[in-house]
There are 2 protein chains.
Amino acid sequence: MKLKASEFIVKPGREVSLKKTKTGVKPLYKTDADGDELLKEIQKDIAEHQQRLYAQSTWAVLIVLQGMDTAGKDGLIKHVLKDVDPQGCSVTSFKKPSGEELKHDFLWRTHTPMAVRGEIKVFNRSYYEDVIVPYVMPEILDSSRLPEKIRTSKNLLKDRCEDIVSHERYLANQGILVIKIFLHLSKKEQKNRLLARFDDASKNWKVEEADITARGLWDKYQKAYEFCLSKTSHKAAPWYIIPADDKPTARLIASKIITEKMAELNLDFPKLKSAEIKHLKSLRKRLKD
Amino acid sequence: MKLKASEFIVKPGREVSLKKTKTGVKPLYKTDADGDELLKEIQKDIAEHQQRLYAQSTWAVLIVLQGMDTAGKDGLIKHVLKDVDPQGCSVTSFKKPSGEELKHDFLWRTHTPMAVRGEIKVFNRSYYEDVIVPYVMPEILDSSRLPEKIRTSKNLLKDRCEDIVSHERYLANQGILVIKIFLHLSKKEQKNRLLARFDDASKNWKVEEADITARGLWDKYQKAYEFCLSKTSHKAAPWYIIPADDKPTARLIASKIITEKMAELNLDFPKLKSAEIKHLKSLRKRLKD
């Protein structure tokens with residue numbers, strides 16, 4: 001699978017047009033079996049990287065996943081991180097903020113679950129919702145707890161984007177590798193997936209009224225994402241836009257990006273110093289009894 | 001008491017020299033009784049501001065207190081915030097980071113206790129310790145959990161300062177007023193206070209070996225503070241350097257700064273809309289039964 005993460009990167013400063021960005025590419029596999037085989041290889045690859053990450057416990061990885069409903073976020077997490085030791089990997093989903101959360105600054109609820117050294121953390125949706133949602137539905141800010149002066153500022157969302165960029169730069173300075181993935185789905189494919197949800201008894205529990213409402217605001221959401229992707233792709237944490245109309249292909253691309261970025265950390269098992277090896281030997285001797 | 005907060009501000013970009021900055025000024029009161037009276041007035045003032053802050057619950061206040069040992073941080077909190085409703089005010093002290101805390105980015109432990117809308121939060125020491133302490137004792141970083149590449153970076157502390165500035169700018173954008181106070185004590189006065197601690201049975205439990213060690217590194221600490229104060233005084237959250245050799249004067253100045261900054265928020269009790277007043281009237285009627 002010849003593929004480079006850089007093919008999907010949003011270069012810092014680039015104005016993103018989602019209409020001009022593909023939601024589908026030629027599948028990366030020939031047969032389903034072939035696709036499964038490729039994914040398995042990559043699952044193992046990520047799991048191996050994670051073992052080293054955990055052993056070293058200096059770096060951490062934060063995967064930020066965004067996309068419209070049914071874009072394939074849940075499935076991506078499930079399939080891509082399948083082989084990773086759950087002890088070194090966890091997922092936090094962000095829904096509508098609670099009353100307690102609204103009493104705080106918008107990043108607040110994302111701090112406690114932040115990636116710990118040695119861990120892969122996935123944010124299934126993230127602080128980017130605090131730009132996307134008020135971009136689409138500005139009236140939502142009226143019920144926020146923000147001071148009027150700030151709530152009515154024209155720069156509110158631009159400021160949020162700048163603050164997010166600074167925050168991610170800080171995370172990078174702290175040794176947290178931030179990988180941001182936007183699953184880019186076509187409106188047509190979303191319809192197929194929503195219909196499938198309605199008709200499948202193992203999936204219909206997932207249907208929410210909000211999905212249909214959000215679909216009705218499709219164009220506004222696309223604009224909101226364009227705004228976000230354009231304003232917040234930066235060197236320390238660029239965005240990757242992945243064509244999401246074919247699920248297995250999207251998963252393969254995401255996996256490739258994750259392994260490529262983790263490989264750049266040069267992760268390895270900690271090398272013991274001679275004094276430590278000596279100590280280890282003496283400990284080993286005590287095992288005999 | 002004619003006094004302006006701006007007299008003590010570190011203008012953004014100014015290179016701070018602590019030697020050239022006074023640790024003592026002419027006392028702001030004539031007799032002790034006079035000083036007590038002035039403080040009482042101000043205590044009431046802050047308490048009133050806090051009531052409005054709480055009723056409105058949109059803004060929040062974060063007071064960051066820094067200073068050498070015995071500079072008067074604890075006493076300042078106790079006296080200045082004496083009349084504030086404890087329900088709307090809380091203090092978090094930051095000591096040596098725990099093992100769990102070291103697994104995270106250095107701001108992590110300061111997020112959970114962050115000021116809630118309507119609240120005054122005091123940080124008794126703060127994330128600035130993560131610049132001050134490694135500035136004085138760089139070897140402390142060896143036992144940190146940072147990746148080697150980051151740990152050995154020459155820009156580590158400069159980066160931390162920039163990240164703190166961005167973080168504070170973000171807090172301001174979120175409606176959190178950040179007031180940063182450095183209590184500037186002379187080495188001579190610290191000796192008096194430490195000696196008093198040793199000799200007073202109600203205070204000697206406070207003496208820690210670290211106090212004496214830190215005093216031995218006095219000049220390095222002063223340099224560290226100069227670095228911090230120079231690099232992190234910015235428009236959204238400037239530093240105030242308060243002469244701390246006379247405790248009552250320091251408390252009066254700090255109070256003055258806090259009330260002045262809170263007054264700028266134009267805090268007031270929420271004004272009910274006519275519909276709300278109507279609803280209130282109907283509720284009042286139901287009280288009759």
# chains A, B, ... in the order shown; residues from 1 in each chain; ligands from 1

$ calpha_fit_and_write --fixed "chain A" --moving "chain B" --output "compact mmCIF listing (two decimals) with C-alpha atoms, in the first residue's frame"
# COMPACT_ATOMS: atom_id res chain seq x y z
CA MET B 1 0.06 -0.05 0.03
CA LYS B 2 1.93 2.96 -1.27
CA LEU B 3 0.43 5.94 0.42
CA LYS B 4 1.75 9.00 2.18
CA ALA B 5 0.11 10.89 5.00
CA SER B 6 1.16 14.13 3.31
CA GLU B 7 -1.31 13.47 0.45
CA PHE B 8 -4.15 14.25 2.83
CA ILE B 9 -2.66 17.06 4.89
CA VAL B 10 -4.14 20.54 5.00
CA LYS B 11 -1.10 22.75 4.57
CA PRO B 12 -1.09 25.53 7.18
CA GLY B 13 -2.67 28.64 5.73
CA ARG B 14 -4.53 26.81 2.96
CA GLU B 15 -8.15 27.82 2.44
CA VAL B 16 -10.06 24.55 2.39
CA SER B 17 -12.87 23.99 -0.10
CA LEU B 18 -14.67 20.79 0.80
CA LYS B 19 -16.49 20.72 -2.54
CA LYS B 20 -13.15 20.56 -4.29
CA THR B 21 -11.87 17.88 -1.91
CA LYS B 22 -12.66 14.28 -2.81
CA THR B 23 -14.95 12.18 -0.64
CA GLY B 24 -14.01 9.08 -2.60
CA VAL B 25 -10.81 7.67 -4.06
CA LYS B 26 -9.97 4.46 -5.85
CA PRO B 27 -10.22 1.72 -3.19
CA LEU B 28 -6.86 0.77 -1.71
CA TYR B 29 -7.66 -2.95 -1.93
CA LYS B 30 -8.77 -5.31 -4.71
CA THR B 31 -11.03 -7.74 -2.90
CA ASP B 32 -12.63 -7.57 0.55
CA ALA B 33 -10.20 -10.27 1.71
CA ASP B 34 -7.35 -8.17 0.43
CA GLY B 35 -8.64 -5.13 2.34
CA ASP B 36 -8.96 -7.16 5.54
CA GLU B 37 -5.40 -8.41 5.14
CA LEU B 38 -4.04 -4.89 4.69
CA LEU B 39 -5.93 -3.64 7.72
CA LYS B 40 -4.66 -6.54 9.85
CA GLU B 41 -1.10 -5.65 9.03
CA ILE B 42 -1.66 -2.07 10.01
CA GLN B 43 -3.51 -2.97 13.20
CA LYS B 44 -0.44 -4.94 14.27
CA ASP B 45 1.79 -2.04 13.31
CA ILE B 46 -0.11 0.42 15.46
CA ALA B 47 -0.21 -2.05 18.35
CA GLU B 48 3.56 -2.41 18.18
CA HIS B 49 4.07 1.33 18.18
CA GLN B 50 1.77 1.57 21.13
CA GLN B 51 3.78 -1.00 23.10
CA ARG B 52 6.88 1.13 22.72
CA LEU B 53 4.93 4.28 23.54
CA TYR B 54 3.73 2.64 26.74
CA ALA B 55 7.14 1.24 27.70
CA GLN B 56 8.77 4.63 27.23
CA SER B 57 5.95 6.63 28.83
CA THR B 58 7.33 9.98 27.78
CA TRP B 59 5.33 10.76 24.62
CA ALA B 60 1.56 10.59 24.34
CA VAL B 61 -0.74 10.54 21.32
CA LEU B 62 -4.02 12.39 20.92
CA ILE B 63 -6.17 11.47 17.93
CA VAL B 64 -8.88 14.05 17.26
CA LEU B 65 -11.70 12.68 15.12
CA GLN B 66 -14.25 14.91 13.47
CA GLY B 67 -16.83 14.38 10.76
CA MET B 68 -20.54 14.57 9.98
CA ASP B 69 -22.89 11.96 11.44
CA THR B 70 -22.31 8.50 9.94
CA ALA B 71 -18.92 9.62 8.58
CA GLY B 72 -17.45 6.52 10.20
CA LYS B 73 -15.83 7.79 13.39
CA ASP B 74 -16.99 4.95 15.64
CA GLY B 75 -16.09 2.28 13.08
CA LEU B 76 -12.68 3.80 12.52
CA ILE B 77 -11.86 3.66 16.24
CA LYS B 78 -13.12 0.08 16.49
CA HIS B 79 -11.19 -1.23 13.51
CA VAL B 80 -7.99 0.79 13.52
CA LEU B 81 -7.23 0.40 17.23
CA LYS B 82 -8.45 -3.20 17.44
CA ASP B 83 -5.12 -4.72 18.46
CA VAL B 84 -3.97 -1.96 20.79
CA ASP B 85 -3.69 -2.89 24.46
CA PRO B 86 -6.73 -1.27 26.11
CA GLN B 87 -4.51 -0.43 29.08
CA GLY B 88 -2.68 2.07 26.91
CA CYS B 89 -5.56 3.39 24.87
CA SER B 90 -8.83 5.09 25.68
CA VAL B 91 -11.60 6.97 23.94
CA THR B 92 -13.55 10.01 25.14
CA SER B 93 -16.68 11.14 23.29
CA PHE B 94 -17.95 14.67 23.55
CA LYS B 95 -21.69 15.26 23.38
CA LYS B 96 -23.74 18.37 24.08
CA PRO B 97 -22.08 20.15 27.03
CA SER B 98 -23.70 19.59 30.42
CA GLY B 99 -24.78 22.38 32.78
CA GLU B 100 -21.64 21.86 34.84
CA GLU B 101 -19.48 22.01 31.73
CA LEU B 102 -21.09 25.26 30.58
CA LYS B 103 -20.02 26.89 33.85
CA HIS B 104 -16.43 26.48 32.66
CA ASP B 105 -14.30 27.55 29.72
CA PHE B 106 -14.98 25.37 26.67
CA LEU B 107 -11.69 23.45 26.81
CA TRP B 108 -12.24 22.55 30.45
CA ARG B 109 -14.06 19.27 29.83
CA THR B 110 -11.34 18.10 27.47
CA HIS B 111 -8.53 18.52 30.03
CA THR B 112 -9.27 15.78 32.54
CA PRO B 113 -9.34 13.03 29.88
CA MET B 114 -6.23 14.41 28.10
CA ALA B 115 -3.70 11.81 26.89
CA VAL B 116 -1.37 10.55 29.62
CA ARG B 117 2.29 9.84 28.77
CA GLY B 118 2.48 6.39 27.21
CA GLU B 119 -1.16 6.44 26.11
CA ILE B 120 -3.12 6.81 22.88
CA LYS B 121 -6.21 8.88 23.54
CA VAL B 122 -8.98 9.29 20.99
CA PHE B 123 -11.32 12.25 21.12
CA ASN B 124 -14.47 11.16 19.30
CA ARG B 125 -15.54 14.68 18.43
CA SER B 126 -13.69 17.30 20.46
CA TYR B 127 -13.31 20.96 21.37
CA TYR B 128 -13.82 21.64 17.65
CA GLU B 129 -17.55 21.16 18.29
CA ASP B 130 -17.36 24.47 20.18
CA VAL B 131 -16.52 26.16 16.90
CA ILE B 132 -18.61 24.03 14.51
CA VAL B 133 -21.91 24.09 16.41
CA PRO B 134 -22.07 27.84 17.17
CA TYR B 135 -20.95 28.50 13.58
CA VAL B 136 -24.02 26.62 12.32
CA MET B 137 -26.36 27.67 15.11
CA PRO B 138 -25.16 31.02 16.57
CA GLU B 139 -28.30 31.21 18.71
CA ILE B 140 -26.87 28.42 20.87
CA LEU B 141 -24.53 31.01 22.39
CA ASP B 142 -27.50 32.80 23.94
CA SER B 143 -27.95 29.93 26.35
CA SER B 144 -24.24 29.77 27.11
CA ARG B 145 -22.93 31.28 30.30
CA LEU B 146 -20.52 33.62 28.56
CA PRO B 147 -20.41 37.31 29.57
CA GLU B 148 -22.44 39.40 27.11
CA LYS B 149 -19.41 41.34 25.93
CA ILE B 150 -17.68 38.11 24.89
CA ARG B 151 -20.80 36.30 23.69
CA THR B 152 -21.64 39.06 21.23
CA SER B 153 -18.08 39.59 19.98
CA LYS B 154 -17.73 39.24 16.23
CA ASN B 155 -14.39 37.55 16.74
CA LEU B 156 -15.69 34.87 19.08
CA LEU B 157 -15.18 31.92 16.73
CA LYS B 158 -11.97 33.27 15.24
CA ASP B 159 -10.63 33.72 18.78
CA ARG B 160 -11.65 30.17 19.63
CA CYS B 161 -9.73 28.87 16.62
CA GLU B 162 -6.63 30.84 17.63
CA ASP B 163 -6.93 29.61 21.21
CA ILE B 164 -7.23 26.02 19.99
CA VAL B 165 -4.12 26.40 17.85
CA SER B 166 -2.18 27.76 20.84
CA HIS B 167 -3.48 24.96 23.01
CA GLU B 168 -2.42 22.31 20.52
CA ARG B 169 1.00 23.93 20.16
CA TYR B 170 1.30 23.72 23.93
CA LEU B 171 0.32 20.04 23.89
CA ALA B 172 3.01 19.38 21.29
CA ASN B 173 5.55 21.22 23.47
CA GLN B 174 4.55 18.86 26.26
CA GLY B 175 5.21 15.74 24.19
CA ILE B 176 1.65 15.06 23.10
CA LEU B 177 1.47 14.19 19.41
CA VAL B 178 -1.84 15.56 18.12
CA ILE B 179 -3.23 13.82 15.01
CA LYS B 180 -6.36 15.47 13.65
CA ILE B 181 -8.53 13.56 11.23
CA PHE B 182 -11.58 14.88 9.39
CA LEU B 183 -13.66 12.18 7.73
CA HIS B 184 -15.00 13.78 4.58
CA LEU B 185 -18.31 12.21 3.56
CA SER B 186 -20.56 13.05 0.61
CA LYS B 187 -24.16 14.05 1.23
CA LYS B 188 -25.28 11.20 -1.00
CA GLU B 189 -23.36 8.56 0.93
CA GLN B 190 -24.69 9.94 4.21
CA LYS B 191 -28.22 9.32 2.95
CA ASN B 192 -27.39 5.68 2.20
CA ARG B 193 -25.90 5.24 5.66
CA LEU B 194 -28.79 6.93 7.45
CA LEU B 195 -31.30 4.79 5.52
CA ALA B 196 -29.32 1.69 6.46
CA ARG B 197 -29.49 2.77 10.10
CA PHE B 198 -33.26 3.12 9.97
CA ASP B 199 -33.70 -0.31 8.42
CA ASP B 200 -31.23 -2.31 10.49
CA ALA B 201 -32.43 -3.42 13.94
CA SER B 202 -28.84 -3.55 15.17
CA LYS B 203 -28.29 0.05 14.17
CA ASN B 204 -31.61 1.86 14.50
CA TRP B 205 -30.96 2.68 18.17
CA LYS B 206 -28.21 4.96 16.90
CA VAL B 207 -30.62 7.22 14.98
CA GLU B 208 -31.13 10.56 16.68
CA GLU B 209 -33.38 13.42 15.68
CA ALA B 210 -30.26 15.59 15.73
CA ASP B 211 -28.83 13.57 12.81
CA ILE B 212 -31.75 14.55 10.61
CA THR B 213 -31.68 18.17 11.80
CA ALA B 214 -27.95 18.35 11.09
CA ARG B 215 -28.44 16.87 7.62
CA GLY B 216 -30.95 19.64 6.94
CA LEU B 217 -28.14 22.10 7.71
CA TRP B 218 -25.61 20.21 5.57
CA ASP B 219 -24.27 23.22 3.66
CA LYS B 220 -23.83 25.27 6.83
CA TYR B 221 -21.94 22.42 8.47
CA GLN B 222 -19.67 22.14 5.45
CA LYS B 223 -18.97 25.87 5.70
CA ALA B 224 -18.27 25.50 9.42
CA TYR B 225 -15.80 22.70 8.75
CA GLU B 226 -14.13 24.69 6.00
CA PHE B 227 -13.72 27.57 8.45
CA CYS B 228 -12.27 25.26 11.11
CA LEU B 229 -9.99 23.27 8.84
CA SER B 230 -8.63 26.43 7.23
CA LYS B 231 -8.03 28.29 10.48
CA THR B 232 -6.63 25.50 12.66
CA SER B 233 -4.29 23.46 10.49
CA HIS B 234 -0.85 24.35 11.81
CA LYS B 235 2.63 22.90 11.89
CA ALA B 236 2.38 21.37 15.36
CA ALA B 237 -1.00 19.76 14.60
CA PRO B 238 -2.12 19.80 10.95
CA TRP B 239 -5.47 18.47 9.79
CA TYR B 240 -5.80 15.42 7.57
CA ILE B 241 -8.90 15.26 5.38
CA ILE B 242 -9.74 11.65 4.57
CA PRO B 243 -12.17 10.65 1.82
CA ALA B 244 -14.77 8.74 3.81
CA ASP B 245 -17.27 7.38 1.27
CA ASP B 246 -15.61 3.97 1.36
CA LYS B 247 -15.16 2.84 4.94
CA PRO B 248 -12.32 0.31 4.51
CA THR B 249 -10.32 2.79 2.44
CA ALA B 250 -10.86 5.54 5.00
CA ARG B 251 -9.67 3.22 7.77
CA LEU B 252 -6.57 2.24 5.82
CA ILE B 253 -5.67 5.86 5.18
CA ALA B 254 -6.24 6.86 8.80
CA SER B 255 -4.12 3.94 10.00
CA LYS B 256 -1.37 4.90 7.63
CA ILE B 257 -1.35 8.47 8.92
CA ILE B 258 -1.27 7.31 12.54
CA THR B 259 1.58 4.84 12.03
CA GLU B 260 3.56 7.32 9.97
CA LYS B 261 3.24 10.03 12.62
CA MET B 262 4.03 7.65 15.46
CA ALA B 263 7.08 6.36 13.59
CA GLU B 264 8.42 9.93 13.57
CA LEU B 265 8.61 9.81 17.37
CA ASN B 266 11.35 7.15 17.07
CA LEU B 267 9.71 5.17 19.83
CA ASP B 268 11.72 2.39 21.35
CA PHE B 269 11.84 0.30 24.50
CA PRO B 270 13.81 2.14 27.19
CA LYS B 271 17.50 1.20 27.07
CA LEU B 272 18.79 0.31 30.51
CA LYS B 273 22.06 1.86 31.68
CA SER B 274 24.89 -0.42 32.80
CA ALA B 275 24.11 0.25 36.46
CA GLU B 276 20.50 -0.70 35.86
CA ILE B 277 21.53 -3.90 34.08
CA LYS B 278 23.79 -4.75 37.01
CA HIS B 279 20.92 -4.17 39.40
CA LEU B 280 18.70 -6.32 37.20
CA LYS B 281 21.24 -9.16 37.39
CA SER B 282 21.31 -9.00 41.16
CA LEU B 283 17.52 -9.07 41.22
CA ARG B 284 17.56 -12.08 38.91
CA LYS B 285 19.82 -13.94 41.31
CA ARG B 286 17.37 -13.42 44.13
CA LEU B 287 14.78 -15.18 41.96
CA LYS B 288 16.62 -18.50 42.40
CA ASP B 289 15.44 -19.13 45.95

$ select_by_dssp --residues "segment 41-253 of chain A" --states "helix (DSSP H, G or I)" --output "MDAnalysis selection string"
chainID A and resid 41:56 73:80 86:88 99:102 108:111 129:136 138:143 148:151 156:173 187:199 204:206 209:216 218:232 247:253

$ select_by_dssp --residues "segment 27-242 of chain B" --states "strand (DSSP E or B)" --output "ChimeraX atom specification"
/B:60-67,89-93,120-124,176-184,234,237,239-242

$ write_last_selection --atoms "N, CA and C atoms" --output "compact mmCIF listing (two decimals), in the first residue's frame"
# COMPACT_ATOMS: atom_id res chain seq x y z
N ALA B 60 -15.65 35.08 35.73
CA ALA B 60 -14.98 34.41 36.84
C ALA B 60 -13.68 35.17 37.11
N VAL B 61 -13.12 35.00 38.28
CA VAL B 61 -11.87 35.68 38.62
C VAL B 61 -10.83 34.65 39.07
N LEU B 62 -9.65 34.74 38.51
CA LEU B 62 -8.55 33.89 38.96
C LEU B 62 -7.43 34.78 39.49
N ILE B 63 -7.13 34.63 40.77
CA ILE B 63 -6.02 35.38 41.36
C ILE B 63 -4.81 34.44 41.48
N VAL B 64 -3.74 34.79 40.78
CA VAL B 64 -2.53 33.98 40.82
C VAL B 64 -1.55 34.65 41.77
N LEU B 65 -1.17 33.95 42.82
CA LEU B 65 -0.27 34.51 43.83
C LEU B 65 1.09 33.83 43.78
N GLN B 66 2.12 34.62 43.61
CA GLN B 66 3.47 34.06 43.65
C GLN B 66 4.35 34.90 44.58
N GLY B 67 5.40 34.31 45.06
CA GLY B 67 6.33 35.02 45.92
C GLY B 67 7.23 34.02 46.64
N CYS B 89 -15.96 31.33 46.53
CA CYS B 89 -14.51 31.60 46.57
C CYS B 89 -13.78 30.36 47.04
N SER B 90 -12.72 30.00 46.37
CA SER B 90 -11.94 28.86 46.84
C SER B 90 -10.47 29.03 46.49
N VAL B 91 -9.66 28.30 47.22
CA VAL B 91 -8.20 28.43 47.08
C VAL B 91 -7.62 27.07 46.70
N THR B 92 -6.72 27.04 45.76
CA THR B 92 -5.98 25.81 45.46
C THR B 92 -4.49 26.10 45.58
N SER B 93 -3.81 25.27 46.37
CA SER B 93 -2.35 25.43 46.53
C SER B 93 -1.64 24.39 45.68
N ILE B 120 -14.57 33.41 42.63
CA ILE B 120 -13.18 33.86 42.74
C ILE B 120 -12.34 32.66 43.11
N LYS B 121 -11.35 32.37 42.31
CA LYS B 121 -10.44 31.27 42.62
C LYS B 121 -9.06 31.84 42.89
N VAL B 122 -8.43 31.39 43.95
CA VAL B 122 -7.05 31.80 44.20
C VAL B 122 -6.12 30.62 43.96
N PHE B 123 -5.10 30.83 43.16
CA PHE B 123 -4.03 29.86 43.03
C PHE B 123 -2.89 30.33 43.94
N ASN B 124 -2.67 29.61 45.02
CA ASN B 124 -1.58 29.89 45.94
C ASN B 124 -0.36 29.14 45.39
N ILE B 176 -12.65 34.77 32.02
CA ILE B 176 -11.97 34.60 33.31
C ILE B 176 -10.94 35.72 33.47
N LEU B 177 -11.21 36.60 34.43
CA LEU B 177 -10.30 37.71 34.71
C LEU B 177 -9.11 37.18 35.51
N VAL B 178 -7.92 37.26 34.92
CA VAL B 178 -6.73 36.73 35.59
C VAL B 178 -5.95 37.89 36.22
N ILE B 179 -5.81 37.86 37.56
CA ILE B 179 -5.06 38.89 38.27
C ILE B 179 -3.82 38.23 38.87
N LYS B 180 -2.64 38.67 38.41
CA LYS B 180 -1.41 38.01 38.84
C LYS B 180 -0.61 38.91 39.78
N ILE B 181 -0.38 38.42 40.97
CA ILE B 181 0.29 39.22 41.98
C ILE B 181 1.59 38.56 42.42
N PHE B 182 2.68 39.32 42.33
CA PHE B 182 3.96 38.84 42.85
C PHE B 182 4.29 39.64 44.11
N LEU B 183 4.41 38.95 45.23
CA LEU B 183 4.77 39.63 46.48
C LEU B 183 6.29 39.72 46.55
N HIS B 184 6.78 40.95 46.49
CA HIS B 184 8.22 41.19 46.38
C HIS B 184 8.80 41.49 47.76
N HIS B 234 1.39 40.37 30.11
CA HIS B 234 0.78 40.71 28.81
C HIS B 234 -0.58 41.36 29.05
N ALA B 237 -3.37 39.64 30.85
CA ALA B 237 -3.10 39.24 32.23
C ALA B 237 -1.73 39.76 32.66
N TRP B 239 1.26 41.31 35.13
CA TRP B 239 1.72 41.07 36.49
C TRP B 239 1.65 42.36 37.30
N TYR B 240 1.39 42.23 38.58
CA TYR B 240 1.53 43.32 39.53
C TYR B 240 2.59 42.91 40.54
N ILE B 241 3.60 43.77 40.71
CA ILE B 241 4.64 43.50 41.71
C ILE B 241 4.33 44.35 42.93
N ILE B 242 4.08 43.70 44.04
CA ILE B 242 3.69 44.43 45.25
C ILE B 242 4.81 44.39 46.28
